Amino acid sequence: MTSTNYAYLSNYLVYSSMVVYTIAFFAHAIEVAFSVRNVGDATQFDFTRTQKSGRIGSAMMVLATVILFAGVVVRGLSASRVPWGNMYEFSLTGALAFSGAYLFALWKFKVRWLGLPVVIAVLLTLGTAITVLYRPSAPLVPALKSTWLAIHVSAAIVSGGVFLLANCVAATYLYLDHMESKGPRTPWASRLPSLDVLDQLSYRLVAFVFPLWTFAVIAGAIWAESAWGRYWGWDPKETWAFITWVAYAAYLHARVTIGWRGRRAAWLCLFAGSTFLFNYVYVNVWGSGRHTYSGL
Amino acid sequence: MSTAPELDTAGSLRWMWRQLTSMRTALLLLLLLGFASVPGSIFPQRSQNPMKVRDYFAANPTLSQWMDRLRLFDVYSSPWFSAIYLLLFISLIGCVLPRTIEHLKAIGAKPPLTPKFLDRMEFFTEAETDSKRALDQAEAWLQKKHFRIRRDENSISAEKGYSRESGNLLFHLSLILILVAVAIGGLFGMKGEAILNVGERFVNAPTSYDTLTFGKFQSANTLTPFSLTADNFKATYNVQTNAPSDYVLKVSTENPIGSKSITHIIKVNSPLTFGSTKIYLQANGYSPVVTVKDKSGAVTFQGPVIFLPQDGNLTSTGAIKLPDMNPQIGFVGSFVPTYSRSSTRGAFSAFPEVLDPRLLLSAWSGNLGLDSGEPQSVYRLDTSKMVKIGLKQLKVGESYNFGEGSITFDGYRSWVNLQIVDDPGKMYALLGAVFAILGLLLSLFTRQRRIWVKIDGRVSIAGLAKNGLPGLQDEISSLKSELEKESRA
Ligand code: HEM
């Protein structure tokens with residue numbers, strides 16, 4: 001197959017994954033919308049009615065993730081390189097990492113209730129990628145030709161996926177916390193985990209990937225040393241990676257050493273996650289510096 | 001006479017030291033360092049892009065003067081930024097060293113005594129068993145699991161997971177190492193840039209550099225004594241996107257000068273290394289080659305003139321200055337590797353490789369202003385004391401007679417911008433980074449916990465998890481069933 005054919009095949013796979021994600025979206029939406037059935041008095045509920053729809057949603061998530069994975073791999077084949085050369089490709093891989101992080105958490109912590117926000121975020125990311133960010137497949141510029149590209153970018157993207165998942169959990173925490181401060185949870189929300197479990201879950205996600213993020217930053221520094229002659233130069237991208245690192249370190253400290261829990265910890269988690277998003281969106285698109293490979 | 005103890009200097013110093021090395025201060029300093037680095041990512045920085053700083057000054061003259069006083073264009077070398085990280089550094093040392101000593105002592109010691117009231121612990125249960133053998137059984141079980149054990153008359157205190165604290169300390173000590181490495185690089189390192197036409201030779205001496213900065217403890221006579229000749233440079237471009245796909249620079253080097261010459265290839269991600277000195281290929285461009293003759297036909301200048309690229313397709317501009325002619329002559333030039341023309345932009349380059357080159361010249365006569373004493377850019381012509389005498393576009397081989405003489409466009413050469421860096425601290429920074437990750441993994445993924453078994457009529461089991469990782473509940477249950485196994489049998 002020629003490189004153009006591969007590029008077409010990749011686009012085709014990405015579109016297909018979006019179709020399957022859309023099915024997953026409807027399945028999850030149905031699960032959430034119609035799950036509550038009143039049994040007996042007004043405080044007794046049964047949530048089993050839409051379980052099947054939820055399971056279909058999970059199956060579709062797995063299928064869509066596999067198809068998207070194939071799409072990313074084929075995109076790489078089309079240019080005979082790792083598929084991380086411009087912002088279109090970063091976004092595809094980011095959506096894949098986010099989706100993968102969710103499936104990992106689904107398997108490990110049974111978090112199907114996160115399925116709906118995750119699938120919405122993935123669809124929005126992919127939609128933006130193919131409409132606004134799309135670029136034809138092309139070889140890498142010389143500065144990107146390095147094994148460290150593969151190592152640094154994959155570590156950063158996986159960390160990002162998990163950070164954003166932790167943000168979803170923290171946001172859910174704050175939402176439910178707000179709801180509980182006004183009275184008992186609404187029926188559909190009573191199915192979600194307790195505040196304690198959410199609090200612990202977002203901490204564990206962050207603690208799990210913080211070393212990986214640290215590694216991603218260090219791998220970036222090693223690569224910068226071999227490409228630009230300095231391992232750290234306070235380039236905007238580097239600066240914001242540092243800020244993200246500091247923010248998550250502060251989060252871990254606040255929890256472990258000062259004993260922050262709950263609302264304050266959740267806000268700090270959201271703040272740290274938003275520095276990551278800011279780095280990705282703002283610095284890639286509007287920032288200057290040497291990390292401008294977005295291709296925009 | 002009486003002095004309040006809190007007013008004596010030693011006391012208040014001790015108080016300040018305790019404040020500075022407290023967790024809260026450290027955390028605050030850490031966050032502050034994050035915030036302090038933000039302006040550097042928003043405003044242009046001299047260390048990264050001095051041109052942009054100059055543009056910013058031109059656009060906001062008064063505002064930028066004030067911003068400059070706050071060092072907002074040199075954030076990362078500003079006193080306030082340095083102050084924050086020095087304080088953080090001191091705070092880190094003050095916190096970590098005492099903890100390290102304490103930890104080393106704890107490793108050799110037995111776990112602390114069993115507390116009085118076990119039922120207040122997070123995990124507490126009672127085993128239904130014959131109390132006489134319970135302690136032996138528990139000890140055997142805990143031993144098998146490599147707990148540290150303190151056996152007292154009717155209780156056991158056991159602890160496991162010391163490597164969490166070891167990892168934690170390793171991580172923080174590594175951060176100190178990284179900060180030290182950065183300081184070493186700053187004090188003993190050097191960094192310089194030099195533009196070299198292909199075919200020319202570079203001798204590693206201060207005068208060969210276009211820009212050169214030294215650390216406080218490094219100087220000209222500690223430069224590695226090498227020389228380097230740029231033999232060949234090849235840039236390849238993608239014909240669809242015009243983006244560069246590869247740069248290859250072939251050089252022959254002598255280290256030290258006078259020794260046997262060796263050829264090397266330098267690429268963007270693979271610099272040339274001499275000890276701790278590295279030579280990077282940073283940028284490239286074109287130097288048109290010209291010959292200038294005066295009215296009598298005598299050659300007054302011949303050779304390549306470095307032009308600076310202005311866009312991705314390497315439309316390049318520069319100046320040719322001829323101070324020895326009378327009157328003085330200067331050219332503002334534009335080199336276009338692949339000629340194209342539009343009504344809005346005039347002549348421009350359509351592709352970065354040389355396919356159809358042109359040299360566009362405007363000729364000026366008068367005073368070049370070279371002896372005014374002020375340093376002048378070699379790439380720009382100061383035309384304030386000059387008059388324009390003509391305009392011409394040349395193909396290779398063509399000449400232009402501007403009245404006072406003639407200029408011939410002989411051809412072109414590539415130039416490369418080499419960055420030469422010596423950072424003796426970076427190995428330590430790498431070491432610190434590797435240890436930091438190891439320490440983090442140990443500290444975040446090791447479960448540190450204590451388990452107690454106590455006999456006072458009944459058999460109590462209790463546990464305390466020192467960090468948030470789950471698993472202790474299961475451990476306590478399996479210890480409980482282990483103790484109950486024998487009595488059931
Ligand atoms: C002066 C500065 C610092 C002090 C005094 C300090 C102190 C501490 C202490 C006492 C702990 C132990 C927490 C516990 O296990 O109870 C800790 C853990 C930790 N520190 Fe620091 N620290 C400092 C700076 C930093 C910095 C700059 C970072 C990196 C960004 C950092 C990252 C961490 C991490 C990741 C942990 C592990 C948290 C956990 O166990 O979950 N610390 N620090």
# chains A, B, ... in the order shown; residues from 1 in each chain; ligands from 1

call {"tool": "residues_around", "arguments": {"residues": "Gly318 (chain B)", "least_positions_apart": "5", "cutoff": "6 Å", "atoms": "only C-alpha atoms", "output": "number ranges by chain"}}
result
B: 307, 333, 379

call {"tool": "interface_residues", "arguments": {"of": "chain A", "to": "chain B", "cutoff": "9 Å", "atoms": "only C-alpha atoms", "output": "number ranges by chain"}}
result
A: 138-146, 200, 203-204, 207-208, 210-212, 214-215, 218, 222-231, 233-237, 239-240, 242-247, 249-250, 253-254, 256-258, 283, 287-289

call {"tool": "closest_residue", "arguments": {"among": "A:Leu123, A:Leu205, A:Ile67, A:Ala59", "to": "ligand 1", "atoms": "only C-alpha atoms and all ligand atoms"}}
result
A:Leu205

call {"tool": "closest_residue", "arguments": {"among": "B:Thr277, B:Val336, B:Leu175, B:Ser414", "to": "Tyr85 (chain B)", "atoms": "only C-alpha atoms"}}
result
B:Leu175

call {"tool": "atom_distance", "arguments": {"atom1": "CA of Thr50 (chain A)", "atom2": "CA of Ala24 (chain A)"}}
result
13.6 Å

call {"tool": "atom_distance", "arguments": {"atom1": "CA of Arg341 (chain B)", "atom2": "CA of Ile329 (chain B)"}}
result
27.7 Å

call {"tool": "select_by_dssp", "arguments": {"residues": "region 100-181 of chain A", "states": "alpha helix (DSSP H)", "output": "ChimeraX atom specification"}}
result
/A:100-109,115-128,147-181

call {"tool": "select_by_dssp", "arguments": {"residues": "region 75-146 of chain B", "states": "strand (DSSP E)", "output": "list in words"}}
result
Phe123, Phe124, Thr125, Glu126 and Ala127 of chain B

call {"tool": "residues_around", "arguments": {"residues": "Arg264 (chain A)", "least_positions_apart": "6", "cutoff": "12 Å", "atoms": "only C-alpha atoms", "output": "list in words"}}
result
Ala170, Ala171, Tyr173, Leu174, Asp177, Asp199, Tyr251, Ala254, Arg255, Ile258, Leu270 and Phe271 of chain A

call {"tool": "atom_distance", "arguments": {"atom1": "CA of Thr48 (chain A)", "atom2": "CA of Ala189 (chain A)"}}
result
14.4 Å

call {"tool": "closest_residue", "arguments": {"among": "B:Phe214, B:Phe402, B:Tyr162, B:Tyr56", "to": "ligand 1", "atoms": "only C-alpha atoms and all ligand atoms"}}
result
B:Tyr162

call {"tool": "residues_around", "arguments": {"residues": "region 347-355 of chain B", "least_positions_apart": "3", "cutoff": "7 Å", "atoms": "only C-alpha atoms", "output": "PyMOL selection string"}}
result
chain B and resi 242+312-315+336-342

call {"tool": "write_last_selection", "arguments": {"atoms": "N, CA and C atoms", "output": "compact mmCIF listing (two decimals), in the first residue's frame"}}
result
# COMPACT_ATOMS: atom_id res chain seq x y z
N ASN B 242 7.07 21.60 1.79
CA ASN B 242 8.24 22.47 1.90
C ASN B 242 8.93 22.37 3.25
N GLY B 312 10.06 30.35 6.03
CA GLY B 312 10.30 28.92 5.92
C GLY B 312 10.90 28.51 4.59
N ASN B 313 10.72 29.33 3.55
CA ASN B 313 11.29 29.01 2.25
C ASN B 313 12.65 29.68 2.03
N LEU B 314 13.20 30.21 3.14
CA LEU B 314 14.54 30.77 3.14
C LEU B 314 14.74 31.96 2.21
N THR B 315 13.72 32.78 2.02
CA THR B 315 13.95 34.12 1.48
C THR B 315 14.86 34.78 2.50
N VAL B 336 16.95 34.92 -2.99
CA VAL B 336 15.75 34.09 -3.14
C VAL B 336 16.17 32.76 -3.77
N PRO B 337 16.16 31.66 -3.00
CA PRO B 337 16.66 30.40 -3.57
C PRO B 337 15.82 29.87 -4.73
N THR B 338 14.50 29.97 -4.63
CA THR B 338 13.65 29.54 -5.75
C THR B 338 12.71 30.69 -6.06
N TYR B 339 13.03 31.34 -7.18
CA TYR B 339 12.39 32.62 -7.47
C TYR B 339 10.91 32.48 -7.82
N SER B 340 10.12 33.36 -7.23
CA SER B 340 8.72 33.47 -7.61
C SER B 340 8.33 34.92 -7.37
N ARG B 341 7.22 35.30 -7.95
CA ARG B 341 6.87 36.71 -7.85
C ARG B 341 5.37 36.87 -7.73
N SER B 342 4.92 37.76 -6.84
CA SER B 342 3.49 38.07 -6.82
C SER B 342 3.33 39.57 -6.73

call {"tool": "residues_around", "arguments": {"residues": "region 96-106 of chain A", "least_positions_apart": "3", "cutoff": "10 Å", "atoms": "only C-alpha atoms", "output": "PyMOL selection string"}}
result
chain A and resi 58+61-62+64-69+71-72+90-93+109-115+118-119+121-122+125-126+154+156-166+201+205

call {"tool": "closest_residue", "arguments": {"among": "B:Leu394, B:Val292, B:Leu87, B:Ala106", "to": "ligand 1", "atoms": "only C-alpha atoms and all ligand atoms"}}
result
B:Leu87

call {"tool": "residues_around", "arguments": {"residues": "Arg185 (chain A)", "least_positions_apart": "4", "cutoff": "12 Å", "atoms": "only C-alpha atoms", "output": "ChimeraX atom specification"}}
result
/A:43,175-181,189-195

call {"tool": "residues_around", "arguments": {"residues": "Glu159 (chain B)", "least_positions_apart": "5", "cutoff": "7 Å", "atoms": "only C-alpha atoms", "output": "number ranges by chain"}}
result
B: 111, 147-149, 449-451
